file coords06.pdb (PDB, C-alpha atoms and all ligand atoms)
ATOM      1  CA  MET Z   1      18.133   9.406   2.986  1.00  0.00           C
ATOM      2  CA  ALA Z   2      21.115   7.094   2.662  1.00  0.00           C
ATOM      3  CA  PHE Z   3      21.617   4.657   5.489  1.00  0.00           C
ATOM      4  CA  GLY Z   4      24.958   2.884   5.180  1.00  0.00           C
ATOM      5  CA  VAL Z   5      27.478   1.243   7.488  1.00  0.00           C
ATOM      6  CA  GLU Z   6      28.663   4.622   8.764  1.00  0.00           C
ATOM      7  CA  GLN Z   7      25.127   5.726   9.699  1.00  0.00           C
ATOM      8  CA  ALA Z   8      24.393   2.376  11.325  1.00  0.00           C
ATOM      9  CA  LYS Z   9      27.564   2.611  13.409  1.00  0.00           C
ATOM     10  CA  ARG Z  10      26.612   6.138  14.421  1.00  0.00           C
ATOM     11  CA  TRP Z  11      23.157   4.871  15.439  1.00  0.00           C
ATOM     12  CA  MET Z  12      24.720   2.290  17.757  1.00  0.00           C
ATOM     13  CA  SER Z  13      27.213   4.770  19.160  1.00  0.00           C
ATOM     14  CA  ILE Z  14      24.509   7.339  19.992  1.00  0.00           C
ATOM     15  CA  ALA Z  15      22.260   4.593  21.373  1.00  0.00           C
ATOM     16  CA  ASN Z  16      25.091   3.492  23.623  1.00  0.00           C
ATOM     17  CA  ASP Z  17      25.658   7.073  24.848  1.00  0.00           C
ATOM     18  CA  HIS Z  18      21.970   7.376  25.751  1.00  0.00           C
ATOM     19  CA  ILE Z  19      21.891   3.985  27.436  1.00  0.00           C
ATOM     20  CA  GLN Z  20      25.007   4.716  29.526  1.00  0.00           C
ATOM     21  CA  GLN Z  21      23.489   8.065  30.550  1.00  0.00           C
ATOM     22  CA  GLN Z  22      20.117   6.503  31.352  1.00  0.00           C
ATOM     23  CA  LYS Z  23      21.482   3.333  32.952  1.00  0.00           C
ATOM     24  CA  GLN Z  24      20.331   4.342  36.435  1.00  0.00           C
ATOM     25  CA  TYR Z  25      16.896   5.374  35.133  1.00  0.00           C
ATOM     26  CA  LEU Z  26      16.419   2.031  33.341  1.00  0.00           C
ATOM     27  CA  THR Z  27      17.519   0.263  36.514  1.00  0.00           C
ATOM     28  CA  GLU Z  28      14.983   2.181  38.599  1.00  0.00           C
ATOM     29  CA  LEU Z  29      12.158   1.391  36.172  1.00  0.00           C
ATOM     30  CA  ASP Z  30      13.055  -2.304  36.330  1.00  0.00           C
ATOM     31  CA  GLN Z  31      13.397  -2.199  40.138  1.00  0.00           C
ATOM     32  CA  ALA Z  32       9.790  -0.995  40.345  1.00  0.00           C
ATOM     33  CA  ILE Z  33       8.209  -3.818  38.316  1.00  0.00           C
ATOM     34  CA  GLY Z  34      11.005  -6.306  37.569  1.00  0.00           C
ATOM     35  CA  ASP Z  35      14.335  -7.400  39.003  1.00  0.00           C
ATOM     36  CA  GLY Z  36      16.334  -4.230  38.440  1.00  0.00           C
ATOM     37  CA  ASP Z  37      18.813  -5.548  35.890  1.00  0.00           C
ATOM     38  CA  HIS Z  38      17.633  -3.787  32.718  1.00  0.00           C
ATOM     39  CA  GLY Z  39      19.977  -0.776  33.007  1.00  0.00           C
ATOM     40  CA  LEU Z  40      22.994  -2.942  33.676  1.00  0.00           C
ATOM     41  CA  ASN Z  41      22.044  -5.461  30.975  1.00  0.00           C
ATOM     42  CA  MET Z  42      21.616  -2.797  28.303  1.00  0.00           C
ATOM     43  CA  ALA Z  43      24.681  -0.803  29.338  1.00  0.00           C
ATOM     44  CA  ARG Z  44      26.876  -3.903  29.226  1.00  0.00           C
ATOM     45  CA  GLY Z  45      25.465  -5.090  25.898  1.00  0.00           C
ATOM     46  CA  PHE Z  46      25.647  -1.809  24.002  1.00  0.00           C
ATOM     47  CA  GLN Z  47      29.115  -1.000  25.324  1.00  0.00           C
ATOM     48  CA  GLU Z  48      30.244  -4.346  23.884  1.00  0.00           C
ATOM     49  CA  VAL Z  49      28.438  -3.601  20.614  1.00  0.00           C
ATOM     50  CA  VAL Z  50      30.223  -0.300  20.019  1.00  0.00           C
ATOM     51  CA  GLU Z  51      33.593  -1.821  20.901  1.00  0.00           C
ATOM     52  CA  LYS Z  52      32.988  -4.797  18.630  1.00  0.00           C
ATOM     53  CA  ILE Z  53      31.867  -2.815  15.577  1.00  0.00           C
ATOM     54  CA  ALA Z  54      34.266   0.133  15.942  1.00  0.00           C
ATOM     55  CA  SER Z  55      37.363  -1.700  14.776  1.00  0.00           C
ATOM     56  CA  ALA Z  56      35.741  -3.947  12.155  1.00  0.00           C
ATOM     57  CA  ASN Z  57      35.192  -3.132   8.484  1.00  0.00           C
ATOM     58  CA  TYR Z  58      31.863  -4.218   7.085  1.00  0.00           C
ATOM     59  CA  GLU Z  59      31.117  -4.884   3.444  1.00  0.00           C
ATOM     60  CA  ASP Z  60      27.387  -4.640   3.942  1.00  0.00           C
ATOM     61  CA  LEU Z  61      24.731  -3.729   6.490  1.00  0.00           C
ATOM     62  CA  GLY Z  62      23.786  -7.378   6.920  1.00  0.00           C
ATOM     63  CA  SER Z  63      27.140  -8.357   8.387  1.00  0.00           C
ATOM     64  CA  LEU Z  64      27.196  -5.308  10.667  1.00  0.00           C
ATOM     65  CA  PHE Z  65      23.743  -6.041  12.093  1.00  0.00           C
ATOM     66  CA  LYS Z  66      24.671  -9.709  12.460  1.00  0.00           C
ATOM     67  CA  ASP Z  67      27.565  -8.721  14.755  1.00  0.00           C
ATOM     68  CA  ILE Z  68      25.290  -6.386  16.703  1.00  0.00           C
ATOM     69  CA  SER Z  69      22.749  -9.150  17.127  1.00  0.00           C
ATOM     70  CA  MET Z  70      25.255 -11.786  18.238  1.00  0.00           C
ATOM     71  CA  THR Z  71      26.819  -9.394  20.738  1.00  0.00           C
ATOM     72  CA  LEU Z  72      23.454  -8.475  22.245  1.00  0.00           C
ATOM     73  CA  ILE Z  73      22.428 -12.115  22.538  1.00  0.00           C
ATOM     74  CA  ALA Z  74      25.717 -12.980  24.219  1.00  0.00           C
ATOM     75  CA  LYS Z  75      25.999  -9.961  26.521  1.00  0.00           C
ATOM     76  CA  VAL Z  76      22.621  -8.493  27.465  1.00  0.00           C
ATOM     77  CA  GLY Z  77      20.894 -11.446  29.114  1.00  0.00           C
ATOM     78  CA  GLY Z  78      17.457 -11.282  30.733  1.00  0.00           C
ATOM     79  CA  ALA Z  79      14.374 -11.272  28.545  1.00  0.00           C
ATOM     80  CA  SER Z  80      15.506  -8.241  26.602  1.00  0.00           C
ATOM     81  CA  GLY Z  81      18.804  -9.768  25.363  1.00  0.00           C
ATOM     82  CA  PRO Z  82      17.185 -12.452  23.179  1.00  0.00           C
ATOM     83  CA  LEU Z  83      14.423 -10.015  22.156  1.00  0.00           C
ATOM     84  CA  TYR Z  84      16.760  -7.258  20.968  1.00  0.00           C
ATOM     85  CA  GLY Z  85      19.131  -9.909  19.618  1.00  0.00           C
ATOM     86  CA  THR Z  86      16.324 -11.349  17.501  1.00  0.00           C
ATOM     87  CA  ALA Z  87      15.288  -7.858  16.368  1.00  0.00           C
ATOM     88  CA  PHE Z  88      18.760  -7.068  15.061  1.00  0.00           C
ATOM     89  CA  LEU Z  89      19.165 -10.539  13.576  1.00  0.00           C
ATOM     90  CA  ARG Z  90      16.008 -10.000  11.527  1.00  0.00           C
ATOM     91  CA  MET Z  91      17.376  -6.612  10.469  1.00  0.00           C
ATOM     92  CA  SER Z  92      20.602  -8.259   9.359  1.00  0.00           C
ATOM     93  CA  LEU Z  93      18.679 -10.758   7.229  1.00  0.00           C
ATOM     94  CA  ALA Z  94      16.576  -7.993   5.701  1.00  0.00           C
ATOM     95  CA  LEU Z  95      19.687  -5.948   4.858  1.00  0.00           C
ATOM     96  CA  ALA Z  96      21.948  -8.807   3.715  1.00  0.00           C
ATOM     97  CA  GLY Z  97      24.216  -7.793   0.837  1.00  0.00           C
ATOM     98  CA  LYS Z  98      23.154  -4.133   0.956  1.00  0.00           C
ATOM     99  CA  LYS Z  99      25.780  -1.437   1.310  1.00  0.00           C
ATOM    100  CA  GLU Z 100      23.081   1.167   1.728  1.00  0.00           C
ATOM    101  CA  ALA Z 101      19.395   1.106   2.458  1.00  0.00           C
ATOM    102  CA  ASP Z 102      16.880   3.637   1.209  1.00  0.00           C
ATOM    103  CA  ASP Z 103      13.906   4.691   3.313  1.00  0.00           C
ATOM    104  CA  LYS Z 104      11.702   1.832   2.190  1.00  0.00           C
ATOM    105  CA  GLU Z 105      14.415  -0.763   2.791  1.00  0.00           C
ATOM    106  CA  LEU Z 106      15.271   0.518   6.254  1.00  0.00           C
ATOM    107  CA  ILE Z 107      11.586   0.685   7.210  1.00  0.00           C
ATOM    108  CA  ALA Z 108      11.169  -2.894   5.963  1.00  0.00           C
ATOM    109  CA  ALA Z 109      14.177  -3.966   8.052  1.00  0.00           C
ATOM    110  CA  LEU Z 110      12.762  -2.300  11.176  1.00  0.00           C
ATOM    111  CA  GLU Z 111       9.457  -3.965  10.419  1.00  0.00           C
ATOM    112  CA  ALA Z 112      11.285  -7.300  10.291  1.00  0.00           C
ATOM    113  CA  ALA Z 113      12.831  -6.454  13.670  1.00  0.00           C
ATOM    114  CA  LEU Z 114       9.376  -5.912  15.161  1.00  0.00           C
ATOM    115  CA  ASP Z 115       8.192  -9.208  13.662  1.00  0.00           C
ATOM    116  CA  GLY Z 116      11.182 -10.874  15.328  1.00  0.00           C
ATOM    117  CA  ILE Z 117      10.365  -9.351  18.729  1.00  0.00           C
ATOM    118  CA  LYS Z 118       6.773 -10.537  18.421  1.00  0.00           C
ATOM    119  CA  ALA Z 119       7.728 -14.001  17.189  1.00  0.00           C
ATOM    120  CA  ARG Z 120      10.136 -14.413  20.081  1.00  0.00           C
ATOM    121  CA  GLY Z 121       8.128 -12.835  22.910  1.00  0.00           C
ATOM    122  CA  LYS Z 122       4.558 -13.489  21.736  1.00  0.00           C
ATOM    123  CA  ALA Z 123       3.474 -10.104  23.098  1.00  0.00           C
ATOM    124  CA  ASN Z 124       0.862  -7.872  21.508  1.00  0.00           C
ATOM    125  CA  VAL Z 125       0.085  -4.198  21.931  1.00  0.00           C
ATOM    126  CA  GLY Z 126      -1.398  -3.365  25.327  1.00  0.00           C
ATOM    127  CA  GLU Z 127       0.570  -5.963  27.312  1.00  0.00           C
ATOM    128  CA  LYS Z 128       3.104  -3.437  28.653  1.00  0.00           C
ATOM    129  CA  THR Z 129       6.239  -4.480  26.808  1.00  0.00           C
ATOM    130  CA  MET Z 130       8.608  -2.955  24.264  1.00  0.00           C
ATOM    131  CA  VAL Z 131       6.024  -3.948  21.621  1.00  0.00           C
ATOM    132  CA  ASP Z 132       3.921  -1.017  22.889  1.00  0.00           C
ATOM    133  CA  VAL Z 133       6.606   1.293  21.491  1.00  0.00           C
ATOM    134  CA  TRP Z 134       7.694  -0.674  18.416  1.00  0.00           C
ATOM    135  CA  GLU Z 135       4.283  -1.471  16.951  1.00  0.00           C
ATOM    136  CA  PRO Z 136       2.809   2.072  16.806  1.00  0.00           C
ATOM    137  CA  VAL Z 137       6.134   3.500  15.622  1.00  0.00           C
ATOM    138  CA  MET Z 138       6.257   0.971  12.792  1.00  0.00           C
ATOM    139  CA  GLU Z 139       2.617   1.616  11.932  1.00  0.00           C
ATOM    140  CA  PHE Z 140       3.503   5.291  11.602  1.00  0.00           C
ATOM    141  CA  LEU Z 141       6.604   4.684   9.439  1.00  0.00           C
ATOM    142  CA  ARG Z 142       4.818   2.117   7.280  1.00  0.00           C
ATOM    143  CA  GLU Z 143       2.071   4.598   6.555  1.00  0.00           C
ATOM    144  CA  LYS Z 144       4.472   7.476   5.805  1.00  0.00           C
ATOM    145  CA  GLU Z 145       6.734   5.304   3.619  1.00  0.00           C
ATOM    146  CA  SER Z 146       9.513   7.740   4.465  1.00  0.00           C
ATOM    147  CA  LEU Z 147      11.913   7.900   7.379  1.00  0.00           C
ATOM    148  CA  GLN Z 148      10.302  10.617   9.441  1.00  0.00           C
ATOM    149  CA  VAL Z 149      12.571   9.675  12.287  1.00  0.00           C
ATOM    150  CA  LYS Z 150      12.082  12.741  14.473  1.00  0.00           C
ATOM    151  CA  GLU Z 151       8.319  12.239  14.493  1.00  0.00           C
ATOM    152  CA  ALA Z 152       8.866   8.522  15.068  1.00  0.00           C
ATOM    153  CA  ALA Z 153      11.075   9.262  18.087  1.00  0.00           C
ATOM    154  CA  LEU Z 154       8.445  11.618  19.547  1.00  0.00           C
ATOM    155  CA  LEU Z 155       5.797   8.960  19.051  1.00  0.00           C
ATOM    156  CA  ALA Z 156       8.091   6.408  20.733  1.00  0.00           C
ATOM    157  CA  LYS Z 157       8.353   8.710  23.769  1.00  0.00           C
ATOM    158  CA  GLU Z 158       4.602   9.173  23.940  1.00  0.00           C
ATOM    159  CA  LYS Z 159       4.001   5.429  23.671  1.00  0.00           C
ATOM    160  CA  MET Z 160       6.673   4.704  26.288  1.00  0.00           C
ATOM    161  CA  GLU Z 161       4.880   7.068  28.682  1.00  0.00           C
ATOM    162  CA  HIS Z 162       1.573   5.418  27.854  1.00  0.00           C
ATOM    163  CA  THR Z 163       2.854   2.062  29.162  1.00  0.00           C
ATOM    164  CA  LYS Z 164       2.437   3.586  32.627  1.00  0.00           C
ATOM    165  CA  GLU Z 165      -1.329   3.125  32.300  1.00  0.00           C
ATOM    166  CA  LEU Z 166      -1.063  -0.518  31.282  1.00  0.00           C
ATOM    167  CA  GLU Z 167      -1.160  -3.711  33.287  1.00  0.00           C
ATOM    168  CA  ALA Z 168       1.691  -6.081  32.425  1.00  0.00           C
ATOM    169  CA  LYS Z 169       0.642  -9.325  30.782  1.00  0.00           C
ATOM    170  CA  LYS Z 170       4.048 -10.556  29.604  1.00  0.00           C
ATOM    171  CA  GLY Z 171       7.474 -10.867  31.171  1.00  0.00           C
ATOM    172  CA  ARG Z 172       8.479 -10.554  34.802  1.00  0.00           C
ATOM    173  CA  ALA Z 173       6.223  -7.549  35.484  1.00  0.00           C
ATOM    174  CA  ALA Z 174       3.157  -9.706  34.749  1.00  0.00           C
ATOM    175  CA  TYR Z 175       3.646 -11.374  38.164  1.00  0.00           C
ATOM    176  CA  LEU Z 176       2.664  -8.052  39.731  1.00  0.00           C
ATOM    177  CA  GLY Z 177      -0.675  -7.950  37.904  1.00  0.00           C
ATOM    178  CA  LYS Z 178      -2.495  -4.685  38.691  1.00  0.00           C
ATOM    179  CA  ARG Z 179       0.413  -3.477  40.817  1.00  0.00           C
ATOM    180  CA  SER Z 180       2.383  -3.002  37.588  1.00  0.00           C
ATOM    181  CA  VAL Z 181       0.054  -0.099  36.698  1.00  0.00           C
ATOM    182  CA  GLY Z 182       1.562   3.329  37.350  1.00  0.00           C
ATOM    183  CA  HIS Z 183       5.079   2.449  36.183  1.00  0.00           C
ATOM    184  CA  ILE Z 184       6.729   2.866  32.788  1.00  0.00           C
ATOM    185  CA  ASP Z 185       7.857  -0.418  31.241  1.00  0.00           C
ATOM    186  CA  PRO Z 186      11.683  -0.562  31.222  1.00  0.00           C
ATOM    187  CA  GLY Z 187      11.916  -2.229  27.799  1.00  0.00           C
ATOM    188  CA  SER Z 188       9.687   0.485  26.341  1.00  0.00           C
ATOM    189  CA  ALA Z 189      12.071   3.055  27.767  1.00  0.00           C
ATOM    190  CA  SER Z 190      15.145   1.410  26.198  1.00  0.00           C
ATOM    191  CA  SER Z 191      13.270   1.037  22.908  1.00  0.00           C
ATOM    192  CA  HIS Z 192      12.467   4.745  22.986  1.00  0.00           C
ATOM    193  CA  LEU Z 193      16.202   5.426  23.400  1.00  0.00           C
ATOM    194  CA  LEU Z 194      16.921   3.312  20.299  1.00  0.00           C
ATOM    195  CA  PHE Z 195      14.449   5.319  18.187  1.00  0.00           C
ATOM    196  CA  ALA Z 196      15.687   8.617  19.604  1.00  0.00           C
ATOM    197  CA  ALA Z 197      19.252   7.579  18.721  1.00  0.00           C
ATOM    198  CA  LEU Z 198      18.192   6.611  15.197  1.00  0.00           C
ATOM    199  CA  ALA Z 199      16.668  10.067  14.712  1.00  0.00           C
ATOM    200  CA  GLU Z 200      19.857  11.742  15.905  1.00  0.00           C
ATOM    201  CA  ALA Z 201      22.064   9.502  13.792  1.00  0.00           C
ATOM    202  CA  LEU Z 202      20.095  10.305  10.652  1.00  0.00           C
ATOM    203  CA  GLU Z 203      19.234  13.940  11.210  1.00  0.00           C
ATOM    204  CA  GLY Z 204      22.110  15.079  13.393  1.00  0.00           C
TER     205      GLY Z 204
HETATM  206  P1  LIG Z 301      14.137  -9.660  32.690  1.00  0.00           P
HETATM  207  O1  LIG Z 301      12.681  -9.339  32.828  1.00  0.00           O
HETATM  208  O2  LIG Z 301      14.385 -11.078  32.323  1.00  0.00           O
HETATM  209  O3  LIG Z 301      14.920  -9.195  33.873  1.00  0.00           O
HETATM  210  P2  LIG Z 301      15.048  -7.292  31.268  1.00  0.00           P
HETATM  211  O4  LIG Z 301      14.927  -6.591  32.568  1.00  0.00           O
HETATM  212  O5  LIG Z 301      16.364  -7.175  30.577  1.00  0.00           O
HETATM  213  O6  LIG Z 301      14.673  -8.823  31.417  1.00  0.00           O
HETATM  214  O7  LIG Z 301      13.962  -6.755  30.246  1.00  0.00           O
HETATM  215  C1  LIG Z 301      12.636  -6.512  30.642  1.00  0.00           C
HETATM  216  C2  LIG Z 301      11.874  -5.948  29.462  1.00  0.00           C
HETATM  217  O8  LIG Z 301      11.748  -6.912  28.446  1.00  0.00           O
HETATM  218  C3  LIG Z 301      10.454  -5.559  29.804  1.00  0.00           C
HETATM  219  O9  LIG Z 301      10.391  -4.261  30.331  1.00  0.00           O
HETATM  220  C4  LIG Z 301       9.709  -5.698  28.499  1.00  0.00           C
HETATM  221  O10 LIG Z 301       9.705  -4.482  27.749  1.00  0.00           O
HETATM  222  C5  LIG Z 301      10.528  -6.703  27.748  1.00  0.00           C
HETATM  223  N1  LIG Z 301       9.816  -7.987  27.660  1.00  0.00           N
HETATM  224  C6  LIG Z 301       9.726  -8.939  28.592  1.00  0.00           C
HETATM  225  N2  LIG Z 301       9.000  -9.994  28.134  1.00  0.00           N
HETATM  226  C7  LIG Z 301       8.622  -9.661  26.858  1.00  0.00           C
HETATM  227  C8  LIG Z 301       7.864 -10.320  25.838  1.00  0.00           C
HETATM  228  N3  LIG Z 301       7.349 -11.540  26.013  1.00  0.00           N
HETATM  229  N4  LIG Z 301       7.700  -9.680  24.653  1.00  0.00           N
HETATM  230  C9  LIG Z 301       8.220  -8.455  24.449  1.00  0.00           C
HETATM  231  N5  LIG Z 301       8.945  -7.777  25.379  1.00  0.00           N
HETATM  232  C10 LIG Z 301       9.132  -8.373  26.572  1.00  0.00           C
HETATM  233 MG    MG Z 302      14.944  -7.239  34.501  1.00  0.00          MG
END
call {"tool": "encode", "arguments": {"input": "coords06.pdb", "output": "structure tokens", "more": "lines below"}}
Ligand code: ADP
Ligand code: MG
result
Amino acid sequence: MAFGVEQAKRWMSIANDHIQQQKQYLTELDQAIGDGDHGLNMARGFQEVVEKIASANYEDLGSLFKDISMTLIAKVGGASGPLYGTAFLRMSLALAGKKEADDKELIAALEAALDGIKARGKANVGEKTMVDVWEPVMEFLREKESLQVKEAALLAKEKMEHTKELEAKKGRAAYLGKRSVGHIDPGSASSHLLFAALAEALEG
């Protein structure tokens, strides 16, 4: 499946639509175990991303993802801004000079994004963060060696829901300790939206 600049732009556009629609939901999740800014942060950042990339022409995927990364770092804020910013920066490095990525290359770039999130946030699976969505999804894609994006998006949803059972060990929610149990992690929810948007962008 060819993933070029057009597909990447469509991914961001669909992601933005989902985030704008789910802004209130993301806010409510973050109000329960954080400070309530995740919906606003993500909505502001992704709106800026689509505006920034819409008018620009990109020679390669690397330069497109670089712009996405820089915009997220500048506009999202909170913990998630630098984390998503790092994720997309690692993707841009992995895709530098490529006009199109095949399945293996895109999976490798997403893998690099996960590595970036983990390098930046030092979270592991089970600590109730976005890593609880990213890591199992990447394990699945790595094993398949093909972009089974619909299955990946379903897995992302399942893993997002599973964060409800977990006690937060990283980020703001960790201050709540056991009281964080029973709530979905907001960053897992926004990460699920990103994978759902990728599936829609690639499979229509
Ligand atoms: P803040 O907590 O600074 O208000 P946001 O509300 O924008 O930031 O984002 C919170 C989300 O960021 C959490 O739900 C979690 O998924 C993610 N997060 C926080 N800390 C980490 C970390 N160390 N590693 C990975 N993800 C993290
Ligand atoms: Mg917050």
call {"tool": "atom_distance", "arguments": {"input": "coords06.pdb", "atom1": "atom N4 of ligand LIG 301 (chain Z)", "atom2": "CA of Gln47 (chain Z)"}}
result
23.1 Å
call {"tool": "residues_around", "arguments": {"input": "coords06.pdb", "residues": "region 16-24 of chain Z", "least_positions_apart": "4", "cutoff": "8 Å", "atoms": "only C-alpha atoms", "output": "VMD selection string"}}
result
chain Z and resid 12 28 39 to 40 42 to 43 46 to 47 50 190 193 197
call {"tool": "resolve_selection", "arguments": {"input": "coords06.pdb", "expression": "the PyMOL selection byres (((not hetatm)) within 7 of (chain Z and resi 302))", "output": "JSON, numbers by chain"}}
result
{"Z": [30, 34, 35, 36, 37, 38, 78]}
call {"tool": "residues_around", "arguments": {"input": "coords06.pdb", "residues": "Lys66 (chain Z)", "least_positions_apart": "5", "cutoff": "12 Å", "atoms": "only C-alpha atoms", "output": "CSV table (one decimal) with C-alpha atoms, in the frame of the given file"}}
result
chain,number,residue,atom,x,y,z
Z,49,VAL,CA,28.4,-3.6,20.6
Z,52,LYS,CA,33.0,-4.8,18.6
Z,53,ILE,CA,31.9,-2.8,15.6
Z,58,TYR,CA,31.9,-4.2,7.1
Z,60,ASP,CA,27.4,-4.6,3.9
Z,61,LEU,CA,24.7,-3.7,6.5
Z,71,THR,CA,26.8,-9.4,20.7
Z,72,LEU,CA,23.5,-8.5,22.2
Z,73,ILE,CA,22.4,-12.1,22.5
Z,84,TYR,CA,16.8,-7.3,21.0
Z,85,GLY,CA,19.1,-9.9,19.6
Z,86,THR,CA,16.3,-11.3,17.5
Z,87,ALA,CA,15.3,-7.9,16.4
Z,88,PHE,CA,18.8,-7.1,15.1
Z,89,LEU,CA,19.2,-10.5,13.6
Z,90,ARG,CA,16.0,-10.0,11.5
Z,91,MET,CA,17.4,-6.6,10.5
Z,92,SER,CA,20.6,-8.3,9.4
Z,93,LEU,CA,18.7,-10.8,7.2
Z,94,ALA,CA,16.6,-8.0,5.7
Z,95,LEU,CA,19.7,-5.9,4.9
Z,96,ALA,CA,21.9,-8.8,3.7
Z,97,GLY,CA,24.2,-7.8,0.8
call {"tool": "atom_distance", "arguments": {"input": "coords06.pdb", "atom1": "CA of Thr129 (chain Z)", "atom2": "CA of Met160 (chain Z)"}}
result
9.2 Å
call {"tool": "atom_distance", "arguments": {"input": "coords06.pdb", "atom1": "CA of Gln7 (chain Z)", "atom2": "CA of Leu141 (chain Z)"}}
result
18.6 Å
call {"tool": "residues_near_ligand", "arguments": {"input": "coords06.pdb", "ligand": "ligand LIG 301 (chain Z)", "cutoff": "10 Å", "atoms": "only C-alpha atoms and all ligand atoms", "output": "ChimeraX atom specification"}}
result
/Z:26-27,29-31,33-42,76-84,114,116-125,127-134,160,163,168-174,184-191
call {"tool": "resolve_selection", "arguments": {"input": "coords06.pdb", "expression": "the PyMOL selection byres (((chain Z and resi 153) around 10) and not hetatm)", "output": "VMD selection string"}}
result
chain Z and resid 133 137 148 to 152 154 to 159 191 to 200
call {"tool": "closest_residue", "arguments": {"input": "coords06.pdb", "among": "Z:Leu147, Z:Ala101, Z:Ala112, Z:Ser180", "to": "Ala2 (chain Z)", "atoms": "all atoms listed in the file"}}
result
Z:Ala101
